[in-house]
Amino acid sequence: VQLQASGGGLVQPGDSLRLSCAASGHTDNYAMAWFRQVPGEKREFVAGIVWAGEITHYARSVRGRFTLSGEHTQNTVNLQMDNLKPEDAAVYLCATAEALPCADYRCVATAGFYNYWGQGTQVTVSS
C-alpha cells in the first residue's frame with residue numbers, strides 16, 4: 001500500500017488549507033487518519049475515519065476547525081483545515097489501518113494500530 005499526501009503549504013494564521021491523501025495498492029483498509037508531527041515531539045492524532053458507518057473522530061485541539069471527509073471506494077481522505085493557528089504547523093501524515101481493536105476515539109487515535117504511512121506534507125502557519 002502506498003499513500004500519497006498533498007496540499008500542504010505556508011499560510012497565515014486564520015487561513016485555510018485542504019490536505020488530500022490517496023491510498024493505492026492492496027487497500028482493503030478499515031480506517032484512515034491524519035496525524036501530525038513536529039520535530040522532537042510525539043506524533044499527534046488529528047482526525048480519523050472508520051469506514052464502517054463513516055465514524056469520524058477529531059483531536060480536541062482541532063475540533064470545530066478541521067473537517068475530515070473521504071471516499072472509501074476510492075481510498076481517499078481529505079482534511080479541510082480552517083482558521084489555522086501557529087500551533088497547527090507540523091508535518092501532516094496520513095495513515096491506513098487494516099483493522100482496529102475498536103471504532104472508538106482511543107483506538108482510532110492510536111498511531112501504533114496503523115499499518116501504512118504516507119511521506120507527509122508540511123504545513124506552516126506564520127505571519
# chains A, B, ... in the order shown; residues from 1 in each chain; ligands from 1

$ select_by_dssp --residues "range 3-124 of chain A" --states "alpha helix (DSSP H)" --output "PDB file with N, CA, C and O atoms, in the first residue's frame"
ATOM      1  N   TYR A 105     -12.658   6.554  19.824  1.00  0.00           N
ATOM      2  CA  TYR A 105     -11.569   7.512  19.692  1.00  0.00           C
ATOM      3  C   TYR A 105     -10.245   6.909  20.149  1.00  0.00           C
ATOM      4  O   TYR A 105      -9.213   7.070  19.492  1.00  0.00           O
ATOM      5  N   ARG A 106     -10.250   6.221  21.269  1.00  0.00           N
ATOM      6  CA  ARG A 106      -8.997   5.710  21.842  1.00  0.00           C
ATOM      7  C   ARG A 106      -8.282   4.755  20.899  1.00  0.00           C
ATOM      8  O   ARG A 106      -7.063   4.636  20.948  1.00  0.00           O
ATOM      9  N   CYS A 107      -9.012   4.082  20.032  1.00  0.00           N
ATOM     10  CA  CYS A 107      -8.389   3.184  19.055  1.00  0.00           C
ATOM     11  C   CYS A 107      -8.006   3.925  17.779  1.00  0.00           C
ATOM     12  O   CYS A 107      -6.893   3.764  17.274  1.00  0.00           O
ATOM     13  N   VAL A 108      -8.915   4.735  17.293  1.00  0.00           N
ATOM     14  CA  VAL A 108      -8.659   5.467  16.061  1.00  0.00           C
ATOM     15  C   VAL A 108      -7.478   6.414  16.228  1.00  0.00           C
ATOM     16  O   VAL A 108      -6.730   6.672  15.294  1.00  0.00           O
TER      17      VAL A 108
END

$ residues_around --residues "Cys102 in chain A" --least-positions-apart "6" --cutoff "12 Å" --atoms "only C-alpha atoms" --output "mmCIF file with C-alpha atoms, in the first residue's frame"
data_model
loop_
_atom_site.group_PDB
_atom_site.id
_atom_site.type_symbol
_atom_site.label_atom_id
_atom_site.label_comp_id
_atom_site.auth_asym_id
_atom_site.auth_seq_id
_atom_site.Cartn_x
_atom_site.Cartn_y
_atom_site.Cartn_z
ATOM 1 C CA TYR A 30 -10.693 -0.351 7.934
ATOM 2 C CA ALA A 31 -9.776 3.206 8.775
ATOM 3 C CA VAL A 50 -13.702 4.368 10.349
ATOM 4 C CA ALA A 52 -17.935 1.178 8.543
ATOM 5 C CA ILE A 55 -17.425 7.299 12.014
ATOM 6 C CA VAL A 108 -8.659 5.467 16.061
ATOM 7 C CA ALA A 109 -6.230 7.900 17.669
ATOM 8 C CA THR A 110 -3.515 5.332 18.392
ATOM 9 C CA PHE A 113 -2.531 0.500 15.165
#

$ select_by_dssp --residues "chain A" --states "strand (DSSP E or B)" --output "MDAnalysis selection string"
chainID A and resid 2:6 9:11 17:24 31:37 44:50 55:58 63 66:71 76:81 90:97 116:117 121:125

$ closest_residue --among "A:Ser126, A:Gln2, A:Asn29, A:Ser20" --to "Val77 in chain A" --atoms "only C-alpha atoms"
A:Ser20

$ residues_around --residues "Lys42 in chain A" --least-positions-apart "3" --cutoff "12 Å" --atoms "only C-alpha atoms" --output "list in words"
Phe35, Arg36, Gln37, Val38, Pro39, Phe45, Ala90, Val91, Thr110 and Ala111 of chain A

$ closest_residue --among "A:Leu93, A:Ala99, A:Val1, A:Met81" --to "Leu17 in chain A" --atoms "only C-alpha atoms"
A:Met81

$ residues_around --residues "Arg63 in chain A" --least-positions-apart "2" --cutoff "12 Å" --atoms "only C-alpha atoms" --output "PDB file with all heavy atoms, in the first residue's frame"
ATOM      1  N   PHE A  45      -2.327  12.602  16.977  1.00  0.00           N
ATOM      2  CA  PHE A  45      -3.533  12.330  16.201  1.00  0.00           C
ATOM      3  C   PHE A  45      -4.249  13.636  15.887  1.00  0.00           C
ATOM      4  O   PHE A  45      -4.346  14.518  16.737  1.00  0.00           O
ATOM      5  CB  PHE A  45      -4.452  11.404  16.988  1.00  0.00           C
ATOM      6  CG  PHE A  45      -5.805  11.200  16.359  1.00  0.00           C
ATOM      7  CD1 PHE A  45      -5.955  10.380  15.262  1.00  0.00           C
ATOM      8  CD2 PHE A  45      -6.921  11.839  16.878  1.00  0.00           C
ATOM      9  CE1 PHE A  45      -7.199  10.195  14.682  1.00  0.00           C
ATOM     10  CE2 PHE A  45      -8.174  11.647  16.323  1.00  0.00           C
ATOM     11  CZ  PHE A  45      -8.313  10.832  15.222  1.00  0.00           C
ATOM     12  N   VAL A  46      -4.771  13.728  14.647  1.00  0.00           N
ATOM     13  CA  VAL A  46      -5.533  14.901  14.236  1.00  0.00           C
ATOM     14  C   VAL A  46      -6.989  14.535  13.979  1.00  0.00           C
ATOM     15  O   VAL A  46      -7.898  15.091  14.586  1.00  0.00           O
ATOM     16  CB  VAL A  46      -4.929  15.541  12.965  1.00  0.00           C
ATOM     17  CG1 VAL A  46      -5.772  16.720  12.509  1.00  0.00           C
ATOM     18  CG2 VAL A  46      -3.481  15.973  13.216  1.00  0.00           C
ATOM     19  N   ALA A  47      -7.209  13.603  13.069  1.00  0.00           N
ATOM     20  CA  ALA A  47      -8.576  13.197  12.719  1.00  0.00           C
ATOM     21  C   ALA A  47      -8.523  11.847  12.030  1.00  0.00           C
ATOM     22  O   ALA A  47      -7.532  11.526  11.371  1.00  0.00           O
ATOM     23  CB  ALA A  47      -9.234  14.231  11.806  1.00  0.00           C
ATOM     24  N   GLY A  48      -9.585  11.081  12.169  1.00  0.00           N
ATOM     25  CA  GLY A  48      -9.635   9.775  11.538  1.00  0.00           C
ATOM     26  C   GLY A  48     -11.052   9.358  11.217  1.00  0.00           C
ATOM     27  O   GLY A  48     -12.004   9.899  11.795  1.00  0.00           O
ATOM     28  N   THR A  56     -16.297   9.409  12.350  1.00  0.00           N
ATOM     29  CA  THR A  56     -15.145  10.297  12.372  1.00  0.00           C
ATOM     30  C   THR A  56     -14.814  10.715  13.805  1.00  0.00           C
ATOM     31  O   THR A  56     -15.697  10.830  14.656  1.00  0.00           O
ATOM     32  CB  THR A  56     -15.384  11.556  11.532  1.00  0.00           C
ATOM     33  OG1 THR A  56     -16.580  12.206  11.965  1.00  0.00           O
ATOM     34  CG2 THR A  56     -15.507  11.222  10.063  1.00  0.00           C
ATOM     35  N   HIS A  57     -13.545  10.931  14.041  1.00  0.00           N
ATOM     36  CA  HIS A  57     -13.057  11.399  15.334  1.00  0.00           C
ATOM     37  C   HIS A  57     -12.064  12.527  15.096  1.00  0.00           C
ATOM     38  O   HIS A  57     -11.332  12.519  14.109  1.00  0.00           O
ATOM     39  CB  HIS A  57     -12.356  10.278  16.104  1.00  0.00           C
ATOM     40  CG  HIS A  57     -13.253   9.147  16.485  1.00  0.00           C
ATOM     41  ND1 HIS A  57     -14.197   9.256  17.491  1.00  0.00           N
ATOM     42  CD2 HIS A  57     -13.354   7.880  16.000  1.00  0.00           C
ATOM     43  CE1 HIS A  57     -14.827   8.110  17.609  1.00  0.00           C
ATOM     44  NE2 HIS A  57     -14.349   7.251  16.716  1.00  0.00           N
ATOM     45  N   TYR A  58     -12.042  13.470  16.018  1.00  0.00           N
ATOM     46  CA  TYR A  58     -11.140  14.610  15.926  1.00  0.00           C
ATOM     47  C   TYR A  58     -10.421  14.813  17.249  1.00  0.00           C
ATOM     48  O   TYR A  58     -10.999  14.605  18.321  1.00  0.00           O
ATOM     49  CB  TYR A  58     -11.913  15.891  15.595  1.00  0.00           C
ATOM     50  CG  TYR A  58     -12.596  15.872  14.257  1.00  0.00           C
ATOM     51  CD1 TYR A  58     -13.907  15.415  14.128  1.00  0.00           C
ATOM     52  CD2 TYR A  58     -11.940  16.330  13.126  1.00  0.00           C
ATOM     53  CE1 TYR A  58     -14.534  15.396  12.896  1.00  0.00           C
ATOM     54  CE2 TYR A  58     -12.555  16.324  11.882  1.00  0.00           C
ATOM     55  CZ  TYR A  58     -13.851  15.857  11.777  1.00  0.00           C
ATOM     56  OH  TYR A  58     -14.467  15.849  10.552  1.00  0.00           O
ATOM     57  N   ALA A  59      -9.192  15.266  17.153  1.00  0.00           N
ATOM     58  CA  ALA A  59      -8.498  15.704  18.360  1.00  0.00           C
ATOM     59  C   ALA A  59      -9.188  16.955  18.888  1.00  0.00           C
ATOM     60  O   ALA A  59      -9.718  17.770  18.122  1.00  0.00           O
ATOM     61  CB  ALA A  59      -7.033  16.008  18.041  1.00  0.00           C
ATOM     62  N   ARG A  60      -9.167  17.116  20.179  1.00  0.00           N
ATOM     63  CA  ARG A  60      -9.844  18.253  20.784  1.00  0.00           C
ATOM     64  C   ARG A  60      -9.290  19.567  20.250  1.00  0.00           C
ATOM     65  O   ARG A  60     -10.026  20.537  20.060  1.00  0.00           O
ATOM     66  CB  ARG A  60      -9.680  18.206  22.299  1.00  0.00           C
ATOM     67  CG  ARG A  60     -10.424  19.292  23.048  1.00  0.00           C
ATOM     68  CD  ARG A  60     -10.309  19.073  24.531  1.00  0.00           C
ATOM     69  NE  ARG A  60     -10.890  17.806  24.942  1.00  0.00           N
ATOM     70  CZ  ARG A  60     -10.910  17.369  26.189  1.00  0.00           C
ATOM     71  NH1 ARG A  60     -10.354  18.097  27.154  1.00  0.00           N
ATOM     72  NH2 ARG A  60     -11.458  16.221  26.477  1.00  0.00           N
ATOM     73  N   SER A  61      -8.017  19.612  19.962  1.00  0.00           N
ATOM     74  CA  SER A  61      -7.376  20.852  19.539  1.00  0.00           C
ATOM     75  C   SER A  61      -7.824  21.331  18.156  1.00  0.00           C
ATOM     76  O   SER A  61      -7.628  22.501  17.822  1.00  0.00           O
ATOM     77  CB  SER A  61      -5.852  20.676  19.535  1.00  0.00           C
ATOM     78  OG  SER A  61      -5.478  19.627  18.639  1.00  0.00           O
ATOM     79  N   ARG A  65     -12.688  23.245  13.793  1.00  0.00           N
ATOM     80  CA  ARG A  65     -11.898  23.956  12.784  1.00  0.00           C
ATOM     81  C   ARG A  65     -11.531  23.065  11.608  1.00  0.00           C
ATOM     82  O   ARG A  65     -11.407  23.541  10.484  1.00  0.00           O
ATOM     83  CB  ARG A  65     -10.613  24.499  13.413  1.00  0.00           C
ATOM     84  CG  ARG A  65     -10.848  25.489  14.549  1.00  0.00           C
ATOM     85  CD  ARG A  65      -9.537  26.125  15.001  1.00  0.00           C
ATOM     86  NE  ARG A  65      -8.598  25.146  15.538  1.00  0.00           N
ATOM     87  CZ  ARG A  65      -7.387  24.925  15.044  1.00  0.00           C
ATOM     88  NH1 ARG A  65      -6.955  25.610  13.995  1.00  0.00           N
ATOM     89  NH2 ARG A  65      -6.582  24.018  15.585  1.00  0.00           N
ATOM     90  N   PHE A  66     -11.326  21.782  11.869  1.00  0.00           N
ATOM     91  CA  PHE A  66     -10.935  20.843  10.832  1.00  0.00           C
ATOM     92  C   PHE A  66     -12.120  19.928  10.508  1.00  0.00           C
ATOM     93  O   PHE A  66     -12.883  19.551  11.394  1.00  0.00           O
ATOM     94  CB  PHE A  66      -9.768  19.974  11.283  1.00  0.00           C
ATOM     95  CG  PHE A  66      -8.454  20.709  11.426  1.00  0.00           C
ATOM     96  CD1 PHE A  66      -8.372  22.086  11.394  1.00  0.00           C
ATOM     97  CD2 PHE A  66      -7.283  19.980  11.602  1.00  0.00           C
ATOM     98  CE1 PHE A  66      -7.169  22.744  11.532  1.00  0.00           C
ATOM     99  CE2 PHE A  66      -6.064  20.613  11.733  1.00  0.00           C
ATOM    100  CZ  PHE A  66      -6.004  21.999  11.706  1.00  0.00           C
ATOM    101  N   THR A  67     -12.224  19.562   9.238  1.00  0.00           N
ATOM    102  CA  THR A  67     -13.277  18.652   8.806  1.00  0.00           C
ATOM    103  C   THR A  67     -12.673  17.560   7.934  1.00  0.00           C
ATOM    104  O   THR A  67     -11.995  17.850   6.950  1.00  0.00           O
ATOM    105  CB  THR A  67     -14.351  19.402   8.005  1.00  0.00           C
ATOM    106  OG1 THR A  67     -14.872  20.483   8.788  1.00  0.00           O
ATOM    107  CG2 THR A  67     -15.492  18.451   7.635  1.00  0.00           C
ATOM    108  N   LEU A  68     -12.947  16.330   8.327  1.00  0.00           N
ATOM    109  CA  LEU A  68     -12.436  15.173   7.595  1.00  0.00           C
ATOM    110  C   LEU A  68     -13.529  14.615   6.707  1.00  0.00           C
ATOM    111  O   LEU A  68     -14.667  14.456   7.154  1.00  0.00           O
ATOM    112  CB  LEU A  68     -11.966  14.104   8.578  1.00  0.00           C
ATOM    113  CG  LEU A  68     -11.328  12.857   7.984  1.00  0.00           C
ATOM    114  CD1 LEU A  68      -9.988  13.200   7.359  1.00  0.00           C
ATOM    115  CD2 LEU A  68     -11.150  11.795   9.064  1.00  0.00           C
ATOM    116  N   LEU A  79      -8.683  16.522   4.375  1.00  0.00           N
ATOM    117  CA  LEU A  79      -8.749  17.239   5.646  1.00  0.00           C
ATOM    118  C   LEU A  79      -8.842  18.732   5.359  1.00  0.00           C
ATOM    119  O   LEU A  79      -7.861  19.345   4.919  1.00  0.00           O
ATOM    120  CB  LEU A  79      -7.514  16.936   6.508  1.00  0.00           C
ATOM    121  CG  LEU A  79      -7.531  17.529   7.908  1.00  0.00           C
ATOM    122  CD1 LEU A  79      -8.633  16.867   8.750  1.00  0.00           C
ATOM    123  CD2 LEU A  79      -6.183  17.355   8.590  1.00  0.00           C
ATOM    124  N   GLN A  80     -10.019  19.275   5.553  1.00  0.00           N
ATOM    125  CA  GLN A  80     -10.219  20.715   5.406  1.00  0.00           C
ATOM    126  C   GLN A  80      -9.849  21.387   6.703  1.00  0.00           C
ATOM    127  O   GLN A  80     -10.441  21.109   7.744  1.00  0.00           O
ATOM    128  CB  GLN A  80     -11.676  21.023   5.046  1.00  0.00           C
ATOM    129  CG  GLN A  80     -11.997  22.501   4.930  1.00  0.00           C
ATOM    130  CD  GLN A  80     -11.282  23.164   3.765  1.00  0.00           C
ATOM    131  OE1 GLN A  80     -11.128  22.566   2.708  1.00  0.00           O
ATOM    132  NE2 GLN A  80     -10.853  24.402   3.966  1.00  0.00           N
ATOM    133  N   MET A  81      -8.858  22.257   6.657  1.00  0.00           N
ATOM    134  CA  MET A  81      -8.356  22.914   7.851  1.00  0.00           C
ATOM    135  C   MET A  81      -8.660  24.409   7.756  1.00  0.00           C
ATOM    136  O   MET A  81      -8.120  25.096   6.880  1.00  0.00           O
ATOM    137  CB  MET A  81      -6.851  22.685   7.995  1.00  0.00           C
ATOM    138  CG  MET A  81      -6.463  21.216   7.965  1.00  0.00           C
ATOM    139  SD  MET A  81      -4.722  20.924   8.345  1.00  0.00           S
ATOM    140  CE  MET A  81      -3.945  21.736   6.946  1.00  0.00           C
ATOM    141  N   ASP A  82      -9.510  24.881   8.615  1.00  0.00           N
ATOM    142  CA  ASP A  82      -9.892  26.293   8.642  1.00  0.00           C
ATOM    143  C   ASP A  82      -9.375  26.958   9.909  1.00  0.00           C
ATOM    144  O   ASP A  82      -9.095  26.298  10.904  1.00  0.00           O
ATOM    145  CB  ASP A  82     -11.422  26.426   8.567  1.00  0.00           C
ATOM    146  CG  ASP A  82     -11.989  25.879   7.274  1.00  0.00           C
ATOM    147  OD1 ASP A  82     -11.369  26.084   6.220  1.00  0.00           O
ATOM    148  OD2 ASP A  82     -13.053  25.245   7.321  1.00  0.00           O
ATOM    149  N   ASN A  83      -9.301  28.288   9.841  1.00  0.00           N
ATOM    150  CA  ASN A  83      -8.842  29.059  10.997  1.00  0.00           C
ATOM    151  C   ASN A  83      -7.544  28.476  11.572  1.00  0.00           C
ATOM    152  O   ASN A  83      -7.444  28.211  12.777  1.00  0.00           O
ATOM    153  CB  ASN A  83      -9.934  29.097  12.067  1.00  0.00           C
ATOM    154  CG  ASN A  83      -9.621  30.086  13.169  1.00  0.00           C
ATOM    155  OD1 ASN A  83      -8.845  31.019  12.988  1.00  0.00           O
ATOM    156  ND2 ASN A  83     -10.224  29.860  14.328  1.00  0.00           N
ATOM    157  N   LEU A  84      -6.580  28.306  10.715  1.00  0.00           N
ATOM    158  CA  LEU A  84      -5.316  27.706  11.143  1.00  0.00           C
ATOM    159  C   LEU A  84      -4.593  28.592  12.146  1.00  0.00           C
ATOM    160  O   LEU A  84      -4.631  29.830  12.055  1.00  0.00           O
ATOM    161  CB  LEU A  84      -4.435  27.430   9.928  1.00  0.00           C
ATOM    162  CG  LEU A  84      -4.842  26.181   9.137  1.00  0.00           C
ATOM    163  CD1 LEU A  84      -4.277  26.227   7.729  1.00  0.00           C
ATOM    164  CD2 LEU A  84      -4.379  24.932   9.868  1.00  0.00           C
TER     165      LEU A  84
END
